[in-house]
$ cat coords-v4.cif   # mmCIF, C-alpha atoms and all ligand atoms
data_input
#
loop_
_atom_site.label_atom_id
_atom_site.label_comp_id
_atom_site.auth_asym_id
_atom_site.auth_seq_id
_atom_site.Cartn_x
_atom_site.Cartn_y
_atom_site.Cartn_z
CA MET A 1244 0.00 0.00 0.00
CA LYS A 1245 1.26 3.36 -0.95
CA LYS A 1246 1.82 5.73 1.86
CA ARG A 1247 0.21 9.04 1.36
CA VAL A 1248 2.54 11.77 2.28
CA LYS A 1249 0.89 15.01 2.97
CA GLN A 1250 3.00 17.72 1.49
CA ALA A 1251 2.93 21.06 3.11
CA LYS A 1252 2.67 23.96 0.73
CA PRO A 1253 5.72 26.16 0.95
CA LYS A 1254 4.92 29.34 2.77
CA LYS A 1255 5.50 32.51 0.85
CA SER A 1256 7.51 34.06 3.64
CA ALA A 1257 9.71 30.98 3.87
CA THR A 1258 10.53 31.20 0.18
CA ARG A 1259 11.38 34.83 0.56
CA SER A 1260 13.62 34.34 3.55
CA THR A 1261 15.80 31.80 1.73
CA LYS A 1262 16.82 34.38 -0.80
CA VAL A 1263 20.18 35.69 0.26
CA THR A 1264 21.46 39.06 -0.84
CA ARG A 1265 25.21 39.21 -1.38
CA ILE A 1266 27.18 42.32 -0.63
CA LYS A 1267 30.22 42.87 -2.84
CA THR A 1268 33.45 43.30 -0.90
CA GLY A 1269 35.15 45.23 -3.67
CA ILE A 1270 38.24 43.04 -3.19
CA ASP A 1271 39.31 41.78 -6.60
CA HIS A 1272 38.56 38.07 -7.10
CA LEU A 1273 37.31 37.53 -3.54
CA ASP A 1274 33.60 37.88 -4.27
CA THR A 1275 33.59 35.09 -6.84
CA LEU A 1276 35.18 32.80 -4.24
CA ILE A 1277 32.39 33.39 -1.73
CA GLY A 1278 29.27 33.13 -3.82
CA GLY A 1279 29.13 36.75 -4.91
CA GLY A 1280 29.98 38.54 -1.68
CA LEU A 1281 29.28 38.68 2.02
CA ILE A 1282 25.77 37.82 3.14
CA GLU A 1283 23.80 41.00 3.71
CA LYS A 1284 23.71 42.01 7.39
CA SER A 1285 26.31 39.41 8.33
CA ILE A 1286 29.29 40.07 10.59
CA THR A 1287 32.76 39.24 9.27
CA LEU A 1288 35.88 39.14 11.35
CA VAL A 1289 39.05 40.00 9.43
CA ALA A 1290 41.96 38.87 11.57
CA GLY A 1291 45.68 39.18 11.11
CA GLY A 1292 48.87 40.59 12.54
CA ALA A 1293 50.11 44.18 12.29
CA GLY A 1294 50.59 45.22 8.67
CA SER A 1295 48.70 42.22 7.31
CA GLY A 1296 46.24 44.47 5.43
CA LYS A 1297 43.19 44.58 7.74
CA THR A 1298 42.60 48.32 7.49
CA ILE A 1299 43.05 48.30 3.71
CA PHE A 1300 40.62 45.36 3.45
CA ALA A 1301 38.06 47.19 5.58
CA MET A 1302 38.39 50.48 3.68
CA GLN A 1303 38.14 48.70 0.32
CA PHE A 1304 34.89 47.10 1.52
CA LEU A 1305 33.52 50.51 2.52
CA LEU A 1306 34.65 52.15 -0.71
CA GLU A 1307 32.72 49.57 -2.72
CA GLY A 1308 29.57 50.54 -0.83
CA LEU A 1309 30.25 54.25 -1.33
CA LYS A 1310 30.70 53.72 -5.07
CA LEU A 1311 27.30 52.02 -5.09
CA GLY A 1312 25.77 55.04 -3.37
CA GLU A 1313 25.52 53.48 0.09
CA SER A 1314 26.29 55.19 3.38
CA CYS A 1315 29.06 53.77 5.54
CA ILE A 1316 30.53 54.12 9.02
CA TYR A 1317 34.17 53.55 9.94
CA LEU A 1318 34.52 53.32 13.70
CA THR A 1319 38.05 53.22 15.01
CA PHE A 1320 39.94 53.30 18.27
CA GLU A 1321 43.37 53.76 16.82
CA GLU A 1322 43.53 55.06 13.24
CA LYS A 1323 43.95 58.84 13.02
CA LYS A 1324 41.80 60.40 10.35
CA GLU A 1325 44.43 62.43 8.47
CA LYS A 1326 46.83 59.53 8.36
CA LEU A 1327 44.14 57.11 7.27
CA TYR A 1328 42.85 59.42 4.53
CA GLY A 1329 46.42 60.02 3.39
CA ASP A 1330 47.19 56.30 3.24
CA MET A 1331 44.00 55.59 1.32
CA ALA A 1332 44.70 58.44 -1.10
CA GLY A 1333 47.76 56.37 -2.06
CA PHE A 1334 45.30 53.96 -3.69
CA GLY A 1335 43.39 56.81 -5.29
CA TRP A 1336 40.57 56.45 -2.75
CA ASN A 1337 39.09 59.79 -1.78
CA PHE A 1338 37.28 59.29 1.52
CA GLU A 1339 37.26 63.00 2.22
CA LYS A 1340 34.98 63.54 -0.75
CA TYR A 1341 32.50 60.94 0.52
CA GLU A 1342 32.70 62.47 3.97
CA ASN A 1343 31.85 65.90 2.55
CA ASP A 1344 28.97 64.32 0.64
CA LYS A 1345 27.71 62.96 4.00
CA HIS A 1346 27.91 59.35 2.88
CA PHE A 1347 31.02 58.40 4.79
CA PHE A 1348 31.32 58.81 8.53
CA TYR A 1349 34.67 58.51 10.26
CA LEU A 1350 34.13 58.04 14.00
CA GLU A 1351 36.96 57.93 16.49
CA HIS A 1352 35.82 56.54 19.81
CA SER A 1353 37.70 55.32 22.82
CA PRO A 1354 36.95 51.74 23.87
CA GLU A 1355 35.30 53.25 26.99
CA GLN A 1356 32.96 55.29 24.80
CA VAL A 1357 31.95 52.22 22.87
CA LYS A 1358 31.39 50.38 26.12
CA ALA A 1359 29.05 53.17 27.25
CA LEU A 1360 27.36 53.17 23.86
CA ILE A 1361 26.60 49.48 24.15
CA GLU A 1362 25.24 49.94 27.64
CA GLU A 1363 22.83 52.60 26.44
CA GLY A 1364 21.80 50.48 23.45
CA GLY A 1365 23.45 52.31 20.59
CA GLY A 1366 23.23 56.04 21.42
CA THR A 1367 24.43 58.48 18.76
CA ILE A 1368 25.51 55.77 16.31
CA ASP A 1369 21.98 54.41 16.43
CA GLN A 1370 20.61 57.74 15.29
CA LEU A 1371 23.22 58.14 12.57
CA ILE A 1372 22.52 54.69 11.17
CA SER A 1373 18.79 55.20 10.91
CA LYS A 1374 19.01 58.81 9.72
CA LYS A 1375 21.58 58.11 7.00
CA LYS A 1376 20.42 54.56 6.24
CA VAL A 1377 23.90 53.21 6.83
CA THR A 1378 24.39 49.79 5.25
CA ARG A 1379 28.09 49.07 5.87
CA LEU A 1380 29.94 49.27 9.15
CA VAL A 1381 33.58 48.73 10.01
CA ILE A 1382 35.07 48.55 13.49
CA ASP A 1383 38.86 48.81 13.33
CA SER A 1384 39.88 47.01 15.48
CA VAL A 1385 37.73 45.23 18.04
CA THR A 1386 40.85 44.07 19.87
CA SER A 1387 41.30 47.31 21.82
CA PHE A 1388 37.68 47.19 22.85
CA TYR A 1389 38.06 43.62 23.98
CA LEU A 1390 41.11 44.43 26.06
CA LEU A 1391 38.95 46.69 28.27
CA TYR A 1392 37.61 43.60 29.90
CA GLN A 1393 39.83 41.74 32.30
CA ASP A 1394 38.28 38.32 32.62
CA GLU A 1395 37.03 35.93 30.02
CA LEU A 1396 33.40 36.00 31.11
CA SER A 1397 33.03 39.77 30.90
CA ARG A 1398 34.83 39.74 27.55
CA LYS A 1399 32.38 37.20 26.31
CA GLU A 1400 29.43 39.20 27.55
CA ALA A 1401 30.79 42.39 26.00
CA GLY A 1402 31.40 40.62 22.70
CA LEU A 1403 27.85 39.29 22.69
CA ALA A 1404 26.41 42.71 23.49
CA LEU A 1405 28.41 44.27 20.66
CA PHE A 1406 27.20 41.65 18.19
CA GLU A 1407 23.63 42.10 19.36
CA LEU A 1408 23.90 45.81 18.76
CA ILE A 1409 25.36 45.35 15.27
CA ASN A 1410 22.58 42.89 14.47
CA LYS A 1411 20.03 45.43 15.63
CA TRP A 1412 21.60 48.05 13.37
CA GLY A 1413 21.23 45.67 10.45
CA CYS A 1414 24.45 46.71 8.71
CA THR A 1415 26.80 44.37 6.89
CA ALA A 1416 29.78 44.59 9.21
CA VAL A 1417 33.50 43.98 8.96
CA LEU A 1418 35.35 43.89 12.26
CA THR A 1419 39.11 43.75 12.23
CA SER A 1420 40.95 41.80 14.88
CA GLN A 1421 44.61 41.89 15.82
CA ALA A 1422 45.84 38.37 15.94
CA ALA A 1423 49.15 36.76 15.39
CA ALA A 1424 49.26 34.82 12.15
CA ARG A 1425 48.28 31.61 13.84
CA LYS A 1426 44.72 30.35 13.94
CA ASP A 1427 45.04 29.23 17.56
CA ASP A 1428 45.61 32.77 18.76
CA LEU A 1429 42.20 33.76 17.55
CA LEU A 1430 40.53 31.17 19.66
CA ASN A 1431 40.98 33.00 22.91
CA THR A 1432 38.12 35.37 22.16
CA SER A 1433 34.45 34.58 21.89
CA LEU A 1434 34.15 36.74 18.78
CA GLU A 1435 35.00 33.94 16.43
CA PHE A 1436 32.05 31.90 17.64
CA GLU A 1437 29.65 34.75 17.09
CA ALA A 1438 30.97 35.97 13.76
CA ASP A 1439 29.20 34.73 10.63
CA SER A 1440 32.49 34.74 8.75
CA ILE A 1441 36.17 34.75 9.55
CA ILE A 1442 38.85 35.76 7.07
CA LEU A 1443 42.48 35.38 8.10
CA LEU A 1444 45.22 37.53 6.59
CA TYR A 1445 48.76 36.21 6.72
CA HIS A 1446 51.95 38.17 6.18
CA PHE A 1447 54.85 35.78 6.32
CA ARG A 1448 58.45 35.40 5.26
CA ALA A 1449 59.43 32.89 2.65
CA ARG A 1450 62.96 32.72 1.23
CA GLY A 1451 63.84 36.12 2.58
CA GLU A 1452 60.73 37.76 1.17
CA ARG A 1453 57.47 38.82 2.81
CA LYS A 1454 54.37 37.37 1.19
CA ARG A 1455 50.66 37.75 1.77
CA ALA A 1456 47.97 35.11 1.86
CA LEU A 1457 44.30 34.96 2.77
CA GLU A 1458 42.22 32.14 4.18
CA ILE A 1459 38.47 31.91 4.57
CA LEU A 1460 38.20 30.10 7.88
CA LYS A 1461 34.43 30.05 7.94
CA MET A 1462 31.52 31.67 6.15
CA ARG A 1463 28.00 30.86 7.15
CA GLY A 1464 25.66 29.79 4.33
CA THR A 1465 28.44 29.86 1.78
CA SER A 1466 30.37 27.26 -0.09
CA HIS A 1467 33.86 28.69 -0.17
CA SER A 1468 37.40 27.76 -1.01
CA ASN A 1469 39.34 25.89 1.68
CA LYS A 1470 42.64 26.90 0.19
CA THR A 1471 44.96 29.59 1.48
CA MET A 1472 45.38 31.96 -1.42
CA MET A 1473 48.08 34.48 -2.13
CA PHE A 1474 47.18 38.14 -2.41
CA ASN A 1475 48.94 41.39 -3.16
CA ILE A 1476 48.47 44.94 -2.11
CA THR A 1477 48.66 46.83 -5.39
CA LYS A 1478 48.09 50.42 -6.48
CA ALA A 1479 44.39 49.54 -6.58
CA GLY A 1480 44.27 47.88 -3.18
CA ILE A 1481 44.00 44.19 -2.32
CA VAL A 1482 43.96 41.73 -5.21
CA VAL A 1483 43.46 38.04 -4.42
CA HIS A 1484 45.02 35.38 -6.64
CA PRO A 1485 42.71 32.35 -6.38
CA GLY A 1486 45.03 30.32 -8.62
CA GLN A 1487 48.04 30.81 -6.36
CA ILE A 1488 47.65 28.44 -3.45
CA LEU A 1489 49.89 28.49 -0.41
CA LYS A 1490 51.25 24.98 -0.17
CA SER A 1491 53.26 24.95 3.04
CA SER A 1492 52.08 26.32 6.35
N1 LIG B 1 50.09 51.85 -1.62
C1 LIG B 1 50.51 50.66 -1.18
N2 LIG B 1 50.99 49.75 -2.02
C2 LIG B 1 51.42 48.56 -1.59
N3 LIG B 1 51.39 48.16 -0.31
C3 LIG B 1 50.92 49.04 0.57
C4 LIG B 1 50.46 50.32 0.21
N4 LIG B 1 50.03 50.95 1.32
C5 LIG B 1 50.23 50.09 2.33
N5 LIG B 1 50.78 48.94 1.90
C6 LIG B 1 51.13 47.77 2.72
O1 LIG B 1 50.06 47.54 3.63
C7 LIG B 1 50.53 47.51 4.97
C8 LIG B 1 49.53 48.16 5.92
O2 LIG B 1 48.29 47.54 5.78
P1 LIG B 1 47.17 47.81 6.88
O3 LIG B 1 45.87 47.49 6.25
O4 LIG B 1 47.31 49.16 7.46
O5 LIG B 1 47.57 46.71 7.95
P2 LIG B 1 46.86 46.37 9.34
O6 LIG B 1 45.63 47.21 9.46
O7 LIG B 1 46.58 44.90 9.28
O8 LIG B 1 47.90 46.66 10.39
C9 LIG B 1 51.81 48.28 4.94
O9 LIG B 1 52.68 47.83 5.94
C10 LIG B 1 52.36 48.02 3.55
O10 LIG B 1 53.09 46.81 3.56
MG MG B 2 45.08 48.68 10.87
#
$ encode --input "coords-v4.cif" --output "structure tokens"
Amino acid sequence: MKKRVKQAKPKKSATRSTKVTRIKTGIDHLDTLIGGGLIEKSITLVAGGAGSGKTIFAMQFLLEGLKLGESCIYLTFEEKKEKLYGDMAGFGWNFEKYENDKHFFYLEHSPEQVKALIEEGGGTIDQLISKKKVTRLVIDSVTSFYLLYQDELSRKEAGLALFELINKWGCTAVLTSQAAARKDDLLNTSLEFEADSIILLYHFRARGERKRALEILKMRGTSHSNKTMMFNITKAGIVVHPGQILKSS
């Protein structure tokens, strides 16, 4: 006897919610490796040592949004505005122009200020995001914020509160994280469990020469390369070379 299986009709809302919007990173050849870009409203952690390219990665991501007419926030604890704008001008990226156009917002906060902001549920950033319809957010870097908290439990709580706030804001976020070039070093924070995606940037020495490589450690809802790929910082910013795989660790 044939079993009759009652098939539920797919709900309209369910169909709609499976459609994922991809947000282009603006990093050459990276988007094609991750299904078209970062998932809209997701949180990506870009981790690497000093000089590994985190700030350039983050600014390139924001620039892509600005070119598309989006509004973006760059929140930093450590990068001075003039120096940052000067460095980015080296790539031909004019953030001052977007700032004057009121599409780009450079915010320098102390970790204490961000702590207070989280406690009050968003404060001034909240207003800016809704008023300017901000779609991309960078925090460069979350490490200094994290270091405010002494013990692991309060760090974890603070990390969760920060992620909750970013989720409430509904921006696609890139958070940079200072980490030595070893995966294990990342695992002492709770951020990596909460982040939707983790991209590791390596800057290592091989035969007397410094090289750069990028690894997608995880990316929720995305089939991605498991290879560690070489990249360069060129006149036009970061360019990934998907065909050049790092063979030794
Ligand atoms: N115009 C450029 N062309 C090539 N490489 C550059 C250029 N500007 C910066 N770099 C490289 O990028 C590094 C800084 O990258 P950055 O994103 O600031 O690192 P991080 O934020 O991870 O400390 C520099 O040390 C230099 O090696
Ligand atoms: Mg930096």
$ residues_near_ligand --input "coords-v4.cif" --ligand "ligand LIG 1 (chain B)" --cutoff "8 Å" --atoms "only C-alpha atoms and all ligand atoms" --output "ChimeraX atom specification"
/A:1290-1301,1330-1331,1333-1334,1383,1419,1421,1444,1475-1480
$ residues_around --input "coords-v4.cif" --residues "Glu1362 of chain A" --least-positions-apart "4" --cutoff "10 Å" --atoms "all atoms listed in the file" --output "short mmCIF file (atom, residue, chain, number, x, y, z; two decimals) with C-alpha atoms, in the frame of the given file"
data_model
loop_
_atom_site.label_atom_id
_atom_site.label_comp_id
_atom_site.auth_asym_id
_atom_site.auth_seq_id
_atom_site.Cartn_x
_atom_site.Cartn_y
_atom_site.Cartn_z
CA GLN A 1356 32.96 55.29 24.80
CA VAL A 1357 31.95 52.22 22.87
CA LYS A 1358 31.39 50.38 26.12
CA GLY A 1366 23.23 56.04 21.42
CA ALA A 1401 30.79 42.39 26.00
CA ALA A 1404 26.41 42.71 23.49
CA LEU A 1405 28.41 44.27 20.66
CA LEU A 1408 23.90 45.81 18.76
#
$ residues_near_point --input "coords-v4.cif" --point "(47.1, 29.4, -4.4)" --cutoff "9 Å" --atoms "only C-alpha atoms" --output "ChimeraX atom specification"
/A:1456,1470-1474,1484-1490
$ write_last_selection --input "coords-v4.cif" --atoms "C-alpha atoms" --output "compact mmCIF listing (two decimals), in the frame of the given file"
# COMPACT_ATOMS: atom_id res chain seq x y z
CA ALA A 1456 47.97 35.11 1.86
CA LYS A 1470 42.64 26.90 0.19
CA THR A 1471 44.96 29.59 1.48
CA MET A 1472 45.38 31.96 -1.42
CA MET A 1473 48.08 34.48 -2.13
CA PHE A 1474 47.18 38.14 -2.41
CA HIS A 1484 45.02 35.38 -6.64
CA PRO A 1485 42.71 32.35 -6.38
CA GLY A 1486 45.03 30.32 -8.62
CA GLN A 1487 48.04 30.81 -6.36
CA ILE A 1488 47.65 28.44 -3.45
CA LEU A 1489 49.89 28.49 -0.41
CA LYS A 1490 51.25 24.98 -0.17
$ residues_around --input "coords-v4.cif" --residues "Gly1308 of chain A" --least-positions-apart "2" --cutoff "10 Å" --atoms "only C-alpha atoms" --output "PDB file with C-alpha atoms, keeping the file's coordinate frame"
ATOM      1  CA  ILE A1266      27.180  42.320  -0.630  1.00  0.00           C
ATOM      2  CA  LYS A1267      30.220  42.870  -2.840  1.00  0.00           C
ATOM      3  CA  THR A1268      33.450  43.300  -0.900  1.00  0.00           C
ATOM      4  CA  GLY A1269      35.150  45.230  -3.670  1.00  0.00           C
ATOM      5  CA  MET A1302      38.390  50.480   3.680  1.00  0.00           C
ATOM      6  CA  GLN A1303      38.140  48.700   0.320  1.00  0.00           C
ATOM      7  CA  PHE A1304      34.890  47.100   1.520  1.00  0.00           C
ATOM      8  CA  LEU A1305      33.520  50.510   2.520  1.00  0.00           C
ATOM      9  CA  LEU A1306      34.650  52.150  -0.710  1.00  0.00           C
ATOM     10  CA  LYS A1310      30.700  53.720  -5.070  1.00  0.00           C
ATOM     11  CA  LEU A1311      27.300  52.020  -5.090  1.00  0.00           C
ATOM     12  CA  GLY A1312      25.770  55.040  -3.370  1.00  0.00           C
ATOM     13  CA  GLU A1313      25.520  53.480   0.090  1.00  0.00           C
ATOM     14  CA  SER A1314      26.290  55.190   3.380  1.00  0.00           C
ATOM     15  CA  CYS A1315      29.060  53.770   5.540  1.00  0.00           C
ATOM     16  CA  HIS A1346      27.910  59.350   2.880  1.00  0.00           C
ATOM     17  CA  PHE A1347      31.020  58.400   4.790  1.00  0.00           C
ATOM     18  CA  VAL A1377      23.900  53.210   6.830  1.00  0.00           C
ATOM     19  CA  THR A1378      24.390  49.790   5.250  1.00  0.00           C
ATOM     20  CA  ARG A1379      28.090  49.070   5.870  1.00  0.00           C
TER      21      ARG A1379
END
$ closest_residue --input "coords-v4.cif" --among "A:Ile1459, A:Leu1380, A:Tyr1317, A:Ser1387" --to "Glu1355 of chain A" --atoms "all atoms listed in the file"
A:Ser1387
$ closest_atom_pairs --input "coords-v4.cif" --of "segment 1266-1319 of chain A" --to "segment 1432-1442 of chain A" --cutoff "10 Å" --atoms "all atoms listed in the file" --output "JSON lines"
{"residue": "A:Leu1281", "atom": "CA", "partner": "A:Ser1440", "partner_atom": "CA", "distance": 8.4}
{"residue": "A:Ile1282", "atom": "CA", "partner": "A:Asp1439", "partner_atom": "CA", "distance": 8.8}
{"residue": "A:Lys1284", "atom": "CA", "partner": "A:Asp1439", "partner_atom": "CA", "distance": 9.7}
{"residue": "A:Ser1285", "atom": "CA", "partner": "A:Asp1439", "partner_atom": "CA", "distance": 6.0}
{"residue": "A:Ile1286", "atom": "CA", "partner": "A:Asp1439", "partner_atom": "CA", "distance": 5.3}
{"residue": "A:Thr1287", "atom": "CA", "partner": "A:Ser1440", "partner_atom": "CA", "distance": 4.5}
{"residue": "A:Leu1288", "atom": "CA", "partner": "A:Ile1441", "partner_atom": "CA", "distance": 4.8}
{"residue": "A:Val1289", "atom": "CA", "partner": "A:Ile1442", "partner_atom": "CA", "distance": 4.9}
{"residue": "A:Ala1290", "atom": "CA", "partner": "A:Ile1442", "partner_atom": "CA", "distance": 6.3}
{"residue": "A:Gly1291", "atom": "CA", "partner": "A:Ile1442", "partner_atom": "CA", "distance": 8.6}
{"residue": "A:Lys1297", "atom": "CA", "partner": "A:Ile1442", "partner_atom": "CA", "distance": 9.9}
$ build_atoms --input "coords-v4.cif" --residues "segment 1265-1275 of chain A" --atoms "all heavy atoms" --output "compact mmCIF listing (two decimals), in the coordinates of the input"
# COMPACT_ATOMS: atom_id res chain seq x y z
N ARG A 1265 23.75 39.18 -1.56
CA ARG A 1265 25.21 39.21 -1.38
C ARG A 1265 25.72 40.64 -1.53
O ARG A 1265 25.31 41.37 -2.43
CB ARG A 1265 25.89 38.32 -2.43
CG ARG A 1265 25.52 36.85 -2.31
CD ARG A 1265 26.35 36.18 -1.25
NE ARG A 1265 25.87 34.83 -0.96
CZ ARG A 1265 26.48 33.99 -0.13
NH1 ARG A 1265 27.59 34.34 0.46
NH2 ARG A 1265 26.00 32.81 0.11
N ILE A 1266 26.61 40.98 -0.64
CA ILE A 1266 27.18 42.32 -0.63
C ILE A 1266 28.62 42.24 -1.14
O ILE A 1266 29.46 41.58 -0.53
CB ILE A 1266 27.15 42.90 0.81
CG1 ILE A 1266 25.71 42.89 1.37
CG2 ILE A 1266 27.76 44.29 0.89
CD1 ILE A 1266 24.71 43.72 0.60
N LYS A 1267 28.88 42.93 -2.22
CA LYS A 1267 30.22 42.87 -2.84
C LYS A 1267 31.27 43.49 -1.91
O LYS A 1267 31.06 44.55 -1.34
CB LYS A 1267 30.21 43.65 -4.15
CG LYS A 1267 29.58 42.91 -5.29
CD LYS A 1267 30.05 43.54 -6.60
CE LYS A 1267 29.71 42.71 -7.80
NZ LYS A 1267 28.29 42.73 -8.15
N THR A 1268 32.40 42.78 -1.78
CA THR A 1268 33.45 43.30 -0.90
C THR A 1268 34.29 44.37 -1.60
O THR A 1268 34.91 45.20 -0.95
CB THR A 1268 34.43 42.19 -0.45
OG1 THR A 1268 35.05 41.65 -1.63
CG2 THR A 1268 33.71 41.10 0.31
N GLY A 1269 34.30 44.29 -2.93
CA GLY A 1269 35.15 45.23 -3.67
C GLY A 1269 36.60 44.75 -3.75
O GLY A 1269 37.45 45.40 -4.34
N ILE A 1270 36.89 43.61 -3.13
CA ILE A 1270 38.24 43.04 -3.19
C ILE A 1270 38.30 42.16 -4.43
O ILE A 1270 37.52 41.21 -4.55
CB ILE A 1270 38.53 42.16 -1.94
CG1 ILE A 1270 38.13 42.90 -0.67
CG2 ILE A 1270 39.97 41.62 -1.96
CD1 ILE A 1270 39.13 43.57 0.14
N ASP A 1271 39.22 42.49 -5.32
CA ASP A 1271 39.31 41.78 -6.60
C ASP A 1271 39.46 40.28 -6.41
O ASP A 1271 40.35 39.82 -5.69
CB ASP A 1271 40.50 42.32 -7.40
CG ASP A 1271 40.04 43.38 -8.39
OD1 ASP A 1271 38.84 43.71 -8.36
OD2 ASP A 1271 40.87 43.85 -9.17
N HIS A 1272 38.58 39.53 -7.06
CA HIS A 1272 38.56 38.07 -7.10
C HIS A 1272 38.09 37.39 -5.81
O HIS A 1272 37.99 36.18 -5.76
CB HIS A 1272 39.93 37.47 -7.49
CG HIS A 1272 40.43 38.03 -8.79
ND1 HIS A 1272 39.70 37.95 -9.95
CD2 HIS A 1272 41.56 38.68 -9.10
CE1 HIS A 1272 40.37 38.54 -10.92
NE2 HIS A 1272 41.50 38.99 -10.43
N LEU A 1273 37.79 38.18 -4.78
CA LEU A 1273 37.31 37.53 -3.54
C LEU A 1273 35.83 37.18 -3.66
O LEU A 1273 35.41 36.09 -3.28
CB LEU A 1273 37.56 38.44 -2.32
CG LEU A 1273 37.04 37.90 -0.99
CD1 LEU A 1273 37.74 36.58 -0.62
CD2 LEU A 1273 37.26 38.90 0.15
N ASP A 1274 35.05 38.09 -4.22
CA ASP A 1274 33.60 37.88 -4.27
C ASP A 1274 33.21 36.59 -5.00
O ASP A 1274 32.31 35.88 -4.57
CB ASP A 1274 32.91 39.09 -4.91
CG ASP A 1274 33.01 40.32 -4.00
OD1 ASP A 1274 33.02 40.14 -2.77
OD2 ASP A 1274 33.11 41.44 -4.52
N THR A 1275 33.92 36.30 -6.08
CA THR A 1275 33.59 35.09 -6.84
C THR A 1275 33.91 33.82 -6.03
O THR A 1275 33.34 32.78 -6.27
CB THR A 1275 34.36 35.04 -8.18
OG1 THR A 1275 35.72 35.34 -7.90
CG2 THR A 1275 33.81 36.03 -9.18
